[in-house]
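Chemist: What follows is a single structure, and I will ask about it in a moment.
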Amino acid sequence: MKMSTAVEAKRTLTIQKNKETGVAEVHLHINKTNAYTLDFYKELNAAIDDIRFDPDMKVAVLMSDMPKFFSVGADINFLKAADPVFKTQFCLFCNETLDKIARSPQIWIACLEGHTVGGGLEMAMGCDLRFMGDNAGKIGLPEVNLGVLAGTGGTQRMARLVGHSKAIDLNITGESISPQEAKEIRLVDRVFPQNEIREKTLEYAKNVASKASYAVTNIKLSIMNGKEMPLNAAIRYEGEIQNLLFRSEDAKEGLASFLEKREPQWKGK
């Protein structure tokens with residue numbers, strides 16, 4: 001009997017795919033605090049490609065296997081030893097990797113069970129959604145305390161999530177905030193009881209994976225691309241995508257199953 005779950009372990013992360021639920025889990029296990037170097041981002045980059053090319057995977061969850069930490073960001077000793085040219089290219093590669101998530105057909109969720117600071121938060125902000133435990137620790141961007149800025153999308157992605165004024169506030173003070181405060185300013189989307197955060201995140205992921213995947217992918221596409229457009233252009237863009245969905249097999253099945261009062265059988269096309 002063929003196993004429904006496939007596991008691929010790498011040095012800094014493990015990919016676990018469940019063919020039955022359509023959910024892929026990416027588990028970080030770099031070191032105690034998940035302080036990363038270029039090697040990790042190379043593996044994360046490959047993991048994103050692996051998942052985005054797998055049509056059976058509908059949702060991906062990024063999580064940590066390290067107690068008390070999602071990630072503290074880049075390893076400071078690694079950065080200190082690198083020259084400015086390398087550090088610039090390192091930040092560029094990290095951003096290019098996170099940009100792949102925005103263009104992936106899957107919904108990516110960051111499950112934050114521990115401290116999420118610096119590049120760890122930048123990684124989480126690269127995901128489509130962020131869920132956090134109510135006792136997970138602190139979340140923030142302390143890079144100003146090192147005399148630099150959060151250069152893996154920290155200033156830009158945060159501004160688009162929480163607004164420009166709050167992003168300036170958090171970046172120039174380097175202040176870390178609680179999960180509850182992070183939810184209030186929309187830095188994280190949901191806060192769950194600490195002992196339920198992983199279960200609730202995977203439950204949410206499975207629910208989304210059970211939806212019409214062609215519609216879910218195009219909803220993400222419409223929002224991610226439309227947010228950079230003027231409203232009138234974005235509305236027209238939304239209409240073009242809706243026009244494609246109206247012609248899909250899933251749309252026909254959705255209407256038919258609703259009228260026939262039965263569960264839909266999605267085909268993803």
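We label chains A, B, ... in the order they appear in the structure tokens, count residues from 1 in each chain, and number ligands from 1 in the order shown.
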Considering only helix (DSSP H, G or I) as DSSP defines it on the backbone, what residues of stretch 31-244 of chain A qualify? List them as a count of residues only.

Modeler: 121

Chemist: Can you tell me, as a list in words, what residues are no more than 6 Å from stretch 233-248 of chain A when counting only C-alpha atoms, ignoring any on the same chain fewer than 5 positions away?

Modeler: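 In the requested format, the answer is Ser222, Gly226 and Lys269 of chain A.
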
Chemist: Go through A:Asp134, A:Glu260, A:Glu184, A:Asp49 one by one, measure the shortest atom-to-atom distance of each to A:Leu112 using only C-alpha atoms, and give the residue with the smallest value.

Modeler: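 Nearest to A:Leu112: A:Asp134.
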
Chemist: Suppose you want the space between atom CA of A:Pro230 and atom CA of A:Thr97; what is it in Å?

Modeler: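 Answer for the atom CA of A:Pro230 to atom CA of A:Thr97 separation: 26.5 Å.
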
Chemist: Please list as a PDB file with N, CA and C atoms, in the first residue's frame every residue within 10 Å of A:Gln265, counting only C-alpha atoms and excluding residues in the same chain fewer than 3 positions away.

Modeler:
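See result29.pdb below for the written result:
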```pdb
ATOM      1  N   SER A 210      -8.836  21.713   0.990  1.00  0.00           N
ATOM      2  CA  SER A 210     -10.023  20.996   0.519  1.00  0.00           C
ATOM      3  C   SER A 210     -10.901  21.847  -0.397  1.00  0.00           C
ATOM      4  N   LYS A 211     -10.578  23.130  -0.501  1.00  0.00           N
ATOM      5  CA  LYS A 211     -11.369  24.022  -1.344  1.00  0.00           C
ATOM      6  C   LYS A 211     -11.012  23.821  -2.818  1.00  0.00           C
ATOM      7  N   ALA A 212     -11.705  24.544  -3.689  1.00  0.00           N
ATOM      8  CA  ALA A 212     -11.405  24.501  -5.119  1.00  0.00           C
ATOM      9  C   ALA A 212     -10.046  25.168  -5.349  1.00  0.00           C
ATOM     10  N   ASP A 250     -14.206  23.543 -12.328  1.00  0.00           N
ATOM     11  CA  ASP A 250     -14.564  23.655 -10.916  1.00  0.00           C
ATOM     12  C   ASP A 250     -15.748  24.581 -10.699  1.00  0.00           C
ATOM     13  N   GLU A 253     -18.779  22.632 -11.551  1.00  0.00           N
ATOM     14  CA  GLU A 253     -19.023  21.656 -10.498  1.00  0.00           C
ATOM     15  C   GLU A 253     -19.553  22.334  -9.242  1.00  0.00           C
ATOM     16  N   GLY A 254     -19.030  23.511  -8.918  1.00  0.00           N
ATOM     17  CA  GLY A 254     -19.476  24.235  -7.741  1.00  0.00           C
ATOM     18  C   GLY A 254     -20.942  24.598  -7.814  1.00  0.00           C
ATOM     19  N   SER A 257     -23.090  21.203  -7.775  1.00  0.00           N
ATOM     20  CA  SER A 257     -23.154  20.554  -6.458  1.00  0.00           C
ATOM     21  C   SER A 257     -24.006  21.358  -5.485  1.00  0.00           C
ATOM     22  N   ARG A 262     -25.061  18.490  -2.733  1.00  0.00           N
ATOM     23  CA  ARG A 262     -24.063  17.451  -2.484  1.00  0.00           C
ATOM     24  C   ARG A 262     -22.687  18.104  -2.339  1.00  0.00           C
ATOM     25  N   GLY A 268      -9.501  20.921  -9.731  1.00  0.00           N
ATOM     26  CA  GLY A 268      -8.358  21.812  -9.785  1.00  0.00           C
ATOM     27  C   GLY A 268      -8.112  22.404 -11.155  1.00  0.00           C
TER      28      GLY A 268
END
```

Chemist: Using only C-alpha atoms, find the one residue out of A:Asp54, A:Glu20, A:Asp169, A:Asp65 that sits nearest to A:Lys32.

Modeler: A:Asp65
